[in-house]
>>> print(open('start20.pdb').read())   # PDB, C-alpha atoms and all ligand atoms
MODEL        1
ATOM      1  CA  MET L   1      23.642  -0.798   2.904
ATOM      2  CA  PRO L   2      21.971   1.280   5.667
ATOM      3  CA  ALA L   3      21.607  -0.449   9.049
ATOM      4  CA  TYR L   4      17.845  -0.876   9.271
ATOM      5  CA  PRO L   5      16.256  -1.641  12.676
ATOM      6  CA  ARG L   6      16.215  -5.226  13.939
ATOM      7  CA  PRO L   7      13.992  -6.938  16.502
ATOM      8  CA  PRO L   8      13.377  -6.949  19.405
ATOM      9  CA  PHE L   9      11.302  -3.762  19.194
ATOM     10  CA  PRO L  10       9.858  -1.871  22.178
ATOM     11  CA  PRO L  11       6.412  -3.231  23.172
ATOM     12  CA  GLN L  12       3.706  -1.032  21.616
ATOM     13  CA  SER L  13       0.120  -1.164  20.510
ATOM     14  CA  GLN L  14      -2.274   1.328  18.890
ATOM     15  CA  PRO L  15      -5.931   1.400  17.885
ATOM     16  CA  VAL L  16      -6.716   0.808  14.183
ATOM     17  CA  PRO L  17      -5.671   2.299  11.769
ATOM     18  CA  GLY L  18      -2.514   3.317  13.681
ATOM     19  CA  ARG L  19      -0.484   6.505  13.490
ATOM     20  CA  GLN L  20       3.009   6.530  12.039
ATOM     21  CA  THR L  21       4.067   9.430  14.296
ATOM     22  CA  LEU L  22       3.512   7.286  17.415
ATOM     23  CA  MET L  23       5.670   4.314  16.340
ATOM     24  CA  ASP L  24       9.026   3.463  17.924
ATOM     25  CA  PRO L  25      11.175   3.236  15.870
ATOM     26  CA  ARG L  26       9.500   5.410  13.235
ATOM     27  CA  PRO L  27       9.163   3.621   9.898
ATOM     28  CA  ASP L  28      11.651   4.781   7.269
ATOM     29  CA  CYS L  29       9.676   5.940   4.222
ATOM     30  CA  GLY L  30      12.696   7.386   2.451
ATOM     31  CA  GLU L  31      12.076  10.888   3.791
ATOM     32  CA  GLN L  32      15.818  11.478   4.199
ATOM     33  CA  SER L  33      17.213   9.022   1.680
ATOM     34  CA  TYR L  34      15.210   8.487  -1.536
ATOM     35  CA  ARG L  35      16.760  10.193  -4.550
ATOM     36  CA  GLY L  36      14.783  10.539  -7.783
ATOM     37  CA  SER L  37      16.012  10.793 -11.351
ATOM     38  CA  GLY L  38      12.997  11.841 -13.419
ATOM     39  CA  ARG L  39      11.730   8.317 -14.062
ATOM     40  CA  LEU L  40       8.055   9.388 -13.699
ATOM     41  CA  ALA L  41       8.394  12.931 -15.023
ATOM     42  CA  GLY L  42       5.044  14.570 -15.751
ATOM     43  CA  LYS L  43       2.893  11.599 -14.669
ATOM     44  CA  ALA L  44      -0.134  11.724 -12.345
ATOM     45  CA  ALA L  45      -0.639   9.007  -9.706
ATOM     46  CA  LEU L  46      -3.467   8.006  -7.366
ATOM     47  CA  ILE L  47      -2.215   6.006  -4.370
ATOM     48  CA  THR L  48      -4.556   4.589  -1.703
ATOM     49  CA  GLY L  49      -3.344   4.158   1.874
ATOM     50  CA  ALA L  50      -0.601   6.706   1.199
ATOM     51  CA  ASP L  51      -0.695   8.612   4.487
ATOM     52  CA  SER L  52       1.689   6.127   6.084
ATOM     53  CA  GLY L  53       3.791   3.008   5.635
ATOM     54  CA  ILE L  54       4.388   1.573   2.168
ATOM     55  CA  GLY L  55       1.968   4.046   0.543
ATOM     56  CA  ARG L  56       3.833   7.041   1.981
ATOM     57  CA  ALA L  57       7.171   5.665   0.764
ATOM     58  CA  VAL L  58       5.662   5.183  -2.703
ATOM     59  CA  ALA L  59       4.227   8.734  -2.658
ATOM     60  CA  ILE L  60       7.596  10.244  -1.699
ATOM     61  CA  ALA L  61       9.447   8.195  -4.326
ATOM     62  CA  PHE L  62       6.900   8.992  -7.068
ATOM     63  CA  ALA L  63       7.058  12.718  -6.273
ATOM     64  CA  ARG L  64      10.864  12.753  -6.324
ATOM     65  CA  GLU L  65      10.692  10.924  -9.676
ATOM     66  CA  GLY L  66       8.570  13.789 -11.022
ATOM     67  CA  ALA L  67       4.932  12.666 -10.557
ATOM     68  CA  ASP L  68       1.995  14.590  -9.066
ATOM     69  CA  VAL L  69       0.301  12.481  -6.425
ATOM     70  CA  ALA L  70      -3.247  12.066  -5.067
ATOM     71  CA  ILE L  71      -3.294  10.376  -1.657
ATOM     72  CA  ALA L  72      -6.316   8.445  -0.379
ATOM     73  CA  TYR L  73      -6.489   7.407   3.286
ATOM     74  CA  LEU L  74      -9.045   6.659   6.005
ATOM     75  CA  ASP L  75      -8.795   9.429   8.639
ATOM     76  CA  GLU L  76      -5.123   9.816   9.674
ATOM     77  CA  HIS L  77      -4.983  13.516   8.761
ATOM     78  CA  GLU L  78      -1.716  14.239  10.565
ATOM     79  CA  ASP L  79       0.149  11.402   8.807
ATOM     80  CA  ALA L  80      -1.385  12.415   5.459
ATOM     81  CA  GLN L  81      -0.359  16.050   5.891
ATOM     82  CA  GLU L  82       3.204  14.960   6.564
ATOM     83  CA  THR L  83       3.228  12.901   3.357
ATOM     84  CA  ALA L  84       1.814  15.910   1.494
ATOM     85  CA  ARG L  85       4.624  18.102   2.826
ATOM     86  CA  TRP L  86       7.233  15.693   1.423
ATOM     87  CA  VAL L  87       5.476  15.573  -1.960
ATOM     88  CA  GLU L  88       5.294  19.365  -2.127
ATOM     89  CA  GLN L  89       8.927  19.717  -1.027
ATOM     90  CA  ALA L  90       9.775  17.629  -4.093
ATOM     91  CA  GLY L  91       8.102  20.337  -6.180
ATOM     92  CA  ARG L  92       5.026  18.266  -7.055
ATOM     93  CA  GLN L  93       1.297  18.679  -6.370
ATOM     94  CA  CYS L  94      -0.427  16.632  -3.669
ATOM     95  CA  LEU L  95      -4.195  16.083  -3.411
ATOM     96  CA  LEU L  96      -5.485  14.662  -0.087
ATOM     97  CA  LEU L  97      -8.510  12.335  -0.285
ATOM     98  CA  PRO L  98      -9.696  11.100   3.140
ATOM     99  CA  GLY L  99     -12.633   8.676   3.518
ATOM    100  CA  ASP L 100     -13.772   5.078   3.778
ATOM    101  CA  LEU L 101     -13.028   3.014   0.654
ATOM    102  CA  ALA L 102     -15.514   0.353   1.797
ATOM    103  CA  ARG L 103     -18.108   2.756   0.321
ATOM    104  CA  ARG L 104     -18.564   2.534  -3.450
ATOM    105  CA  GLN L 105     -19.227   6.265  -3.759
ATOM    106  CA  GLN L 106     -15.899   7.064  -2.060
ATOM    107  CA  CYS L 107     -14.065   4.979  -4.679
ATOM    108  CA  LEU L 108     -15.829   6.836  -7.494
ATOM    109  CA  ASP L 109     -15.275  10.232  -5.847
ATOM    110  CA  ILE L 110     -11.517   9.883  -5.357
ATOM    111  CA  VAL L 111     -11.009   8.959  -9.006
ATOM    112  CA  ALA L 112     -13.215  11.870 -10.117
ATOM    113  CA  ARG L 113     -11.337  14.344  -7.918
ATOM    114  CA  THR L 114      -7.960  13.081  -9.159
ATOM    115  CA  VAL L 115      -9.074  13.489 -12.783
ATOM    116  CA  GLU L 116     -10.507  16.936 -12.005
ATOM    117  CA  ARG L 117      -7.130  18.064 -10.581
ATOM    118  CA  PHE L 118      -4.654  16.277 -12.857
ATOM    119  CA  GLY L 119      -6.719  15.613 -16.016
ATOM    120  CA  ARG L 120      -5.966  11.877 -16.075
ATOM    121  CA  VAL L 121      -4.592   8.944 -14.030
ATOM    122  CA  ASP L 122      -1.323   7.531 -15.367
ATOM    123  CA  ILE L 123      -0.624   5.344 -12.337
ATOM    124  CA  LEU L 124      -3.109   3.748  -9.909
ATOM    125  CA  VAL L 125      -1.623   2.136  -6.786
ATOM    126  CA  ASN L 126      -4.216   0.119  -4.853
ATOM    127  CA  ASN L 127      -2.535  -0.166  -1.475
ATOM    128  CA  ALA L 128      -5.084   0.504   1.320
ATOM    129  CA  ALA L 129      -6.012  -2.515   3.432
ATOM    130  CA  PHE L 130      -7.541  -3.690   6.697
ATOM    131  CA  GLN L 131      -6.458  -6.708   8.733
ATOM    132  CA  MET L 132      -7.096  -7.985  12.260
ATOM    133  CA  THR L 133      -5.630 -10.886  14.207
ATOM    134  CA  HIS L 134      -8.156 -13.546  15.300
ATOM    135  CA  PRO L 135      -6.883 -16.788  16.862
ATOM    136  CA  THR L 136     -10.011 -18.823  16.004
ATOM    137  CA  LEU L 137     -12.566 -19.084  13.205
ATOM    138  CA  ALA L 138     -15.387 -18.347  15.645
ATOM    139  CA  ASP L 139     -13.820 -14.977  16.524
ATOM    140  CA  ILE L 140     -14.404 -13.498  13.057
ATOM    141  CA  SER L 141     -17.696 -11.617  12.827
ATOM    142  CA  ASP L 142     -19.705 -11.658   9.643
ATOM    143  CA  GLU L 143     -19.518  -7.847   9.510
ATOM    144  CA  GLU L 144     -15.728  -7.811   9.796
ATOM    145  CA  TRP L 145     -15.332 -10.505   7.129
ATOM    146  CA  GLN L 146     -17.480  -8.475   4.734
ATOM    147  CA  MET L 147     -15.737  -5.180   5.566
ATOM    148  CA  THR L 148     -12.316  -6.745   4.979
ATOM    149  CA  PHE L 149     -13.430  -7.816   1.500
ATOM    150  CA  ASP L 150     -15.014  -4.410   0.811
ATOM    151  CA  VAL L 151     -11.823  -2.490   1.669
ATOM    152  CA  ASN L 152      -9.182  -4.903   0.405
ATOM    153  CA  ILE L 153     -10.578  -6.266  -2.866
ATOM    154  CA  THR L 154     -13.982  -4.819  -3.829
ATOM    155  CA  ALA L 155     -12.583  -1.284  -3.580
ATOM    156  CA  ILE L 156      -9.777  -2.296  -5.962
ATOM    157  CA  PHE L 157     -12.324  -3.519  -8.521
ATOM    158  CA  ARG L 158     -14.297  -0.260  -8.189
ATOM    159  CA  LEU L 159     -11.203   1.971  -8.377
ATOM    160  CA  CYS L 160      -9.911   0.175 -11.468
ATOM    161  CA  GLN L 161     -13.328   0.345 -13.154
ATOM    162  CA  ALA L 162     -13.590   4.076 -12.443
ATOM    163  CA  ALA L 163      -9.979   4.938 -13.310
ATOM    164  CA  VAL L 164      -9.372   2.937 -16.496
ATOM    165  CA  PRO L 165     -11.417   5.261 -18.754
ATOM    166  CA  HIS L 166      -9.043   8.048 -17.626
ATOM    167  CA  MET L 167      -5.839   6.033 -18.111
ATOM    168  CA  PRO L 168      -3.862   6.601 -21.307
ATOM    169  CA  ALA L 169      -1.893   3.867 -23.075
ATOM    170  CA  GLY L 170       1.269   3.381 -21.023
ATOM    171  CA  GLY L 171      -0.776   3.524 -17.805
ATOM    172  CA  SER L 172       0.157   1.271 -14.912
ATOM    173  CA  ILE L 173      -1.941  -0.306 -12.140
ATOM    174  CA  ILE L 174      -0.039  -1.701  -9.145
ATOM    175  CA  ASN L 175      -1.934  -3.677  -6.487
ATOM    176  CA  THR L 176      -0.433  -4.360  -3.066
ATOM    177  CA  SER L 177      -0.972  -8.024  -2.276
ATOM    178  CA  SER L 178       1.071  -9.867   0.407
ATOM    179  CA  ILE L 179       3.160 -12.935   1.048
ATOM    180  CA  ASN L 180      -0.133 -14.058   2.658
ATOM    181  CA  SER L 181      -1.512 -14.563  -0.855
ATOM    182  CA  ASP L 182       0.217 -17.937  -1.085
ATOM    183  CA  ALA L 183       1.457 -18.524   2.479
ATOM    184  CA  PRO L 184      -1.609 -17.561   4.527
ATOM    185  CA  ASN L 185      -1.196 -16.671   8.181
ATOM    186  CA  PRO L 186      -4.185 -18.514   9.718
ATOM    187  CA  THR L 187      -4.751 -15.784  12.324
ATOM    188  CA  LEU L 188      -5.308 -13.302   9.452
ATOM    189  CA  LEU L 189      -7.816 -15.503   7.629
ATOM    190  CA  ALA L 190     -10.048 -12.871   6.008
ATOM    191  CA  TYR L 191      -7.095 -10.614   5.129
ATOM    192  CA  ALA L 192      -5.021 -13.441   3.647
ATOM    193  CA  THR L 193      -7.990 -14.567   1.559
ATOM    194  CA  THR L 194      -8.376 -11.063   0.094
ATOM    195  CA  LYS L 195      -4.657 -10.964  -0.693
ATOM    196  CA  GLY L 196      -4.986 -14.200  -2.679
ATOM    197  CA  ALA L 197      -7.893 -12.570  -4.502
ATOM    198  CA  ILE L 198      -5.791  -9.487  -5.303
ATOM    199  CA  ALA L 199      -3.037 -11.603  -6.861
ATOM    200  CA  ASN L 200      -5.583 -13.464  -8.979
ATOM    201  CA  PHE L 201      -7.535 -10.302  -9.932
ATOM    202  CA  THR L 202      -4.273  -8.699 -11.055
ATOM    203  CA  ALA L 203      -3.388 -11.567 -13.365
ATOM    204  CA  GLY L 204      -6.868 -11.535 -14.911
ATOM    205  CA  LEU L 205      -7.163  -7.764 -15.292
ATOM    206  CA  ALA L 206      -3.750  -7.548 -16.975
ATOM    207  CA  GLN L 207      -5.148  -9.719 -19.762
ATOM    208  CA  LEU L 208      -8.324  -7.609 -20.083
ATOM    209  CA  LEU L 209      -6.414  -4.310 -20.328
ATOM    210  CA  GLY L 210      -3.396  -5.388 -22.360
ATOM    211  CA  GLU L 211      -4.843  -4.254 -25.652
ATOM    212  CA  GLN L 212      -5.293  -0.728 -24.262
ATOM    213  CA  GLY L 213      -1.622  -0.616 -23.322
ATOM    214  CA  ILE L 214      -2.380  -0.574 -19.601
ATOM    215  CA  ARG L 215      -0.162  -2.811 -17.476
ATOM    216  CA  VAL L 216      -1.302  -4.431 -14.197
ATOM    217  CA  ASN L 217       1.018  -6.025 -11.619
ATOM    218  CA  SER L 218       0.974  -6.916  -7.927
ATOM    219  CA  VAL L 219       3.579  -6.608  -5.199
ATOM    220  CA  ALA L 220       3.737  -9.141  -2.364
ATOM    221  CA  PRO L 221       5.556  -7.650   0.635
ATOM    222  CA  GLY L 222       6.772  -9.769   3.527
ATOM    223  CA  PRO L 223       6.894  -8.206   7.009
ATOM    224  CA  ILE L 224       7.223  -4.411   6.696
ATOM    225  CA  TRP L 225       7.418  -2.071   9.718
ATOM    226  CA  THR L 226       4.243   0.077   9.432
ATOM    227  CA  PRO L 227       1.238   1.295  11.503
ATOM    228  CA  LEU L 228      -0.773  -1.665  10.188
ATOM    229  CA  ILE L 229       1.437  -3.968  12.247
ATOM    230  CA  VAL L 230       1.360  -2.185  15.602
ATOM    231  CA  SER L 231      -2.418  -1.665  15.364
ATOM    232  CA  THR L 232      -3.417  -5.234  14.471
ATOM    233  CA  MET L 233      -0.799  -7.744  15.672
ATOM    234  CA  PRO L 234      -0.439  -9.172  19.211
ATOM    235  CA  PRO L 235       2.276  -7.448  21.317
ATOM    236  CA  ASP L 236       4.687 -10.439  21.275
ATOM    237  CA  LYS L 237       4.467 -10.599  17.463
ATOM    238  CA  VAL L 238       5.200  -6.861  17.239
ATOM    239  CA  THR L 239       8.273  -7.183  19.478
ATOM    240  CA  HIS L 240       9.697  -9.988  17.332
ATOM    241  CA  PHE L 241       8.351  -8.727  13.997
ATOM    242  CA  GLY L 242      10.425  -9.904  11.044
ATOM    243  CA  ASP L 243      12.822 -12.147  12.979
ATOM    244  CA  ASN L 244      11.515 -15.230  11.120
ATOM    245  CA  THR L 245      12.788 -14.007   7.734
ATOM    246  CA  PRO L 246      16.183 -15.014   6.319
ATOM    247  CA  LEU L 247      17.311 -11.373   6.723
ATOM    248  CA  ARG L 248      16.197 -11.555  10.396
ATOM    249  CA  ARG L 249      14.443  -8.188  10.397
ATOM    250  CA  PRO L 250      11.352  -6.523   8.921
ATOM    251  CA  GLY L 251      11.672  -4.418   5.797
ATOM    252  CA  GLN L 252      11.211  -0.660   5.931
ATOM    253  CA  PRO L 253       8.711   0.994   3.542
ATOM    254  CA  VAL L 254      11.610   2.699   1.716
ATOM    255  CA  GLU L 255      12.869  -0.765   0.750
ATOM    256  CA  VAL L 256       9.573  -1.576  -1.002
ATOM    257  CA  ALA L 257       9.020   1.682  -2.900
ATOM    258  CA  PRO L 258      11.684   1.279  -5.647
ATOM    259  CA  LEU L 259       9.811  -1.720  -7.065
ATOM    260  CA  TYR L 260       6.656   0.420  -7.393
ATOM    261  CA  VAL L 261       8.715   3.063  -9.218
ATOM    262  CA  LEU L 262       9.989   0.449 -11.662
ATOM    263  CA  LEU L 263       6.492  -0.984 -12.259
ATOM    264  CA  ALA L 264       5.034   2.521 -12.712
ATOM    265  CA  SER L 265       7.728   3.675 -15.137
ATOM    266  CA  ASP L 266       8.021   3.084 -18.865
ATOM    267  CA  GLU L 267      11.160   0.995 -18.156
ATOM    268  CA  SER L 268       8.850  -1.929 -17.335
ATOM    269  CA  SER L 269       6.823  -1.535 -20.545
ATOM    270  CA  TYR L 270       6.688  -5.325 -21.176
ATOM    271  CA  VAL L 271       5.989  -6.304 -17.541
ATOM    272  CA  SER L 272       2.305  -7.071 -16.918
ATOM    273  CA  GLY L 273       0.235  -9.697 -15.111
ATOM    274  CA  SER L 274       3.106 -10.485 -12.732
ATOM    275  CA  ARG L 275       3.594 -10.686  -9.011
ATOM    276  CA  PHE L 276       6.762  -9.535  -7.242
ATOM    277  CA  GLY L 277       7.949 -10.369  -3.740
ATOM    278  CA  VAL L 278       9.753  -8.037  -1.327
ATOM    279  CA  THR L 279      10.049 -10.519   1.479
ATOM    280  CA  GLY L 280      13.474 -10.417   3.133
ATOM    281  CA  GLY L 281      14.265 -13.829   1.679
ATOM    282  CA  LYS L 282      11.034 -15.731   2.393
ATOM    283  CA  PRO L 283      10.230 -17.598  -0.809
ATOM    284  CA  ILE L 284       7.139 -16.914  -2.897
ATOM    285  CA  LEU L 285       7.027 -19.307  -5.824
TER     286      LEU L 285
HETATM  287  P1  LIG L 301      -0.423   1.326   6.727
HETATM  288  O1  LIG L 301      -1.290   1.197   7.915
HETATM  289  O2  LIG L 301       0.613   2.377   6.732
HETATM  290  O3  LIG L 301      -1.287   1.548   5.401
HETATM  291  C1  LIG L 301      -2.585   1.036   5.196
HETATM  292  C2  LIG L 301      -3.489   2.226   4.922
HETATM  293  O4  LIG L 301      -4.763   1.769   4.489
HETATM  294  C3  LIG L 301      -3.748   3.080   6.151
HETATM  295  O5  LIG L 301      -2.835   4.136   6.231
HETATM  296  C4  LIG L 301      -5.184   3.556   5.960
HETATM  297  O6  LIG L 301      -5.296   4.955   5.751
HETATM  298  C5  LIG L 301      -5.683   2.793   4.746
HETATM  299  N1  LIG L 301      -7.001   2.238   5.005
HETATM  300  C6  LIG L 301      -7.322   1.246   5.863
HETATM  301  N2  LIG L 301      -8.655   1.053   5.862
HETATM  302  C7  LIG L 301      -9.173   1.950   4.994
HETATM  303  C8  LIG L 301     -10.498   2.269   4.571
HETATM  304  N3  LIG L 301     -11.566   1.603   5.049
HETATM  305  N4  LIG L 301     -10.664   3.270   3.697
HETATM  306  C9  LIG L 301      -9.607   3.962   3.198
HETATM  307  N5  LIG L 301      -8.323   3.693   3.547
HETATM  308  C10 LIG L 301      -8.136   2.706   4.442
HETATM  309  O7  LIG L 301       0.229  -0.114   6.507
HETATM  310  P2  LIG L 301       1.085  -0.772   5.329
HETATM  311  O8  LIG L 301       1.662  -1.971   5.942
HETATM  312  O9  LIG L 301       1.939   0.208   4.673
HETATM  313  O10 LIG L 301      -0.040  -1.272   4.332
HETATM  314  C11 LIG L 301      -0.020  -0.993   2.947
HETATM  315  C12 LIG L 301      -0.330  -2.253   2.171
HETATM  316  O11 LIG L 301       0.741  -3.176   2.351
HETATM  317  C13 LIG L 301      -1.598  -2.979   2.575
HETATM  318  O12 LIG L 301      -2.269  -3.416   1.416
HETATM  319  C14 LIG L 301      -1.072  -4.174   3.336
HETATM  320  O13 LIG L 301      -1.949  -5.272   3.284
HETATM  321  C15 LIG L 301       0.190  -4.450   2.564
HETATM  322  N6  LIG L 301       1.140  -5.319   3.237
HETATM  323  C16 LIG L 301       1.744  -4.921   4.387
HETATM  324  C17 LIG L 301       2.625  -5.774   5.013
HETATM  325  C18 LIG L 301       3.305  -5.392   6.295
HETATM  326  O14 LIG L 301       3.968  -6.239   6.904
HETATM  327  N7  LIG L 301       3.206  -4.156   6.744
HETATM  328  C19 LIG L 301       2.897  -7.039   4.456
HETATM  329  C20 LIG L 301       2.267  -7.410   3.285
HETATM  330  C21 LIG L 301       1.387  -6.535   2.688
HETATM  331 MG    MG L 302      -2.113   5.171   8.028
ENDMDL
END
>>> encode(input="start20.pdb", output="structure tokens")
Amino acid sequence: MPAYPRPPFPPQSQPVPGRQTLMDPRPDCGEQSYRGSGRLAGKAALITGADSGIGRAVAIAFAREGADVAIAYLDEHEDAQETARWVEQAGRQCLLLPGDLARRQQCLDIVARTVERFGRVDILVNNAAFQMTHPTLADISDEEWQMTFDVNITAIFRLCQAAVPHMPAGGSIINTSSINSDAPNPTLLAYATTKGAIANFTAGLAQLLGEQGIRVNSVAPGPIWTPLIVSTMPPDKVTHFGDNTPLRRPGQPVEVAPLYVLLASDESSYVSGSRFGVTGGKPIL
């Protein structure tokens, strides 16, 4: 097994949404290591939050497995262009879709542009999210609470509603939840609440779409070394990130991506309505 980085990490902090290029150590998104074997040959995927972190690792893995990829992100153009270079190096097409998913029209537009380019959506990965650390209840503004719900869960509803008419039988929706969905970190109250909602939404939607042959699952990562962490967690938490897991380190995005490949591929044709942990040994039951 590769020797992935362990805490303590150098102190660092960035403004939201964080830039992958500025992190030390740089997250490993499989740029040098992921090898594909045609498991998603000829499919078209839309992945939100795919400029960096887990989304970038999923984009690289999907492309190397043979899928064309549309990448939605907020405004990290440099990170997104790097992801696009990896997708294109794999011989696949990459469509870049910047903009704020808190806006309903943006959700509709990115699905429309993906369909315009690729003709359909075989795989939808709802992975973009916002979080912010607040030590007390009083610290959370009404606006931030609402925005967190808009980005993390309402956008998922809108993206699914817009994409499903363009998804053939055999389509797969994968929603990124979190270990916070059943073990909420109290300093991430709004975020953790949306992650519980994502897990529940996934289980319900899988039942609604089963008859159409569309599968819906959620992934619950534990601590993963990404820009989200260094832009939203207190410096002492960043330095010691992941040391409270049984594996005593955070996961790297490349360690999460293979599960998304499995859930996207026809190999998991009877897997729907489920939730999968990638937590470094922290239980989710
Ligand atoms: P990341 O910062 O690399 O990815 C999140 C992406 O979301 C950003 O790149 C950004 O472009 C996008 N985004 C944020 N707000 C947006 C908005 N308003 N409109 C459009 N896009 C927006 O971090 P990551 O850790 O890879 O996060 C990916 C997913 O993994 C998130 O759903 C996150 O909640 C989840 N997750 C992460 C961890 C972790 O420890 N890193 C743990 C559990 C779950
Ligand atoms: Mg980013």
>>> closest_atom_pairs(input="start20.pdb", of="chain L", to="ligand MG 302 (chain L)", cutoff="6 Å", atoms="only C-alpha atoms and all ligand atoms", output="tab-separated table")
residue	atom	partner	partner_atom	distance
L:Pro17	CA	L:MG302	MG	5.9
L:Gly18	CA	L:MG302	MG	6.0
L:Arg19	CA	L:MG302	MG	5.9
L:Asp51	CA	L:MG302	MG	5.1
L:Ser52	CA	L:MG302	MG	4.4
L:Glu76	CA	L:MG302	MG	5.8
>>> residues_around(input="start20.pdb", residues="Ala44 of chain L", least_positions_apart="4", cutoff="8 Å", atoms="all atoms listed in the file", output="list of chain:residue names")
L:Ala67, L:Asp68, L:Val69, L:Ala70, L:Phe118, L:Arg120, L:Val121, L:Asp122, L:Ile123
>>> resolve_selection(input="start20.pdb", expression="the PyMOL selection byres (((chain L and resi 128-138) around 8) and not hetatm)", output="PyMOL selection string")
chain L and resi 48-50+55+73+126-127+139-141+148+151-152+186-191+228+232-234
>>> residues_near_point(input="start20.pdb", point="(11.9, 3.8, 10.6)", cutoff="8 Å", atoms="all atoms listed in the file", output="ChimeraX atom specification")
/L:4-5,24-29,225,252
>>> residues_around(input="start20.pdb", residues="Ala197 of chain L", least_positions_apart="5", cutoff="9 Å", atoms="all atoms listed in the file", output="PyMOL selection string")
chain L and resi 153+177+181+192+202
>>> residues_around(input="start20.pdb", residues="Ile174 of chain L", least_positions_apart="4", cutoff="8 Å", atoms="all atoms listed in the file", output="PDB file with C-alpha atoms, in the coordinates of the input")
ATOM      1  CA  ILE L 123      -0.624   5.344 -12.337  1.00  0.00           C
ATOM      2  CA  LEU L 124      -3.109   3.748  -9.909  1.00  0.00           C
ATOM      3  CA  VAL L 125      -1.623   2.136  -6.786  1.00  0.00           C
ATOM      4  CA  ASN L 126      -4.216   0.119  -4.853  1.00  0.00           C
ATOM      5  CA  VAL L 216      -1.302  -4.431 -14.197  1.00  0.00           C
ATOM      6  CA  ASN L 217       1.018  -6.025 -11.619  1.00  0.00           C
ATOM      7  CA  SER L 218       0.974  -6.916  -7.927  1.00  0.00           C
ATOM      8  CA  VAL L 219       3.579  -6.608  -5.199  1.00  0.00           C
ATOM      9  CA  TYR L 260       6.656   0.420  -7.393  1.00  0.00           C
ATOM     10  CA  LEU L 263       6.492  -0.984 -12.259  1.00  0.00           C
ATOM     11  CA  ALA L 264       5.034   2.521 -12.712  1.00  0.00           C
TER      12      ALA L 264
END
>>> resolve_selection(input="start20.pdb", expression="the PyMOL selection byres (((chain L and resi 253) around 6) and not hetatm)", output="list in words")
Cys29, Gly53, Ile54, Ala57, Gln252, Val254, Glu255 and Val256 of chain L
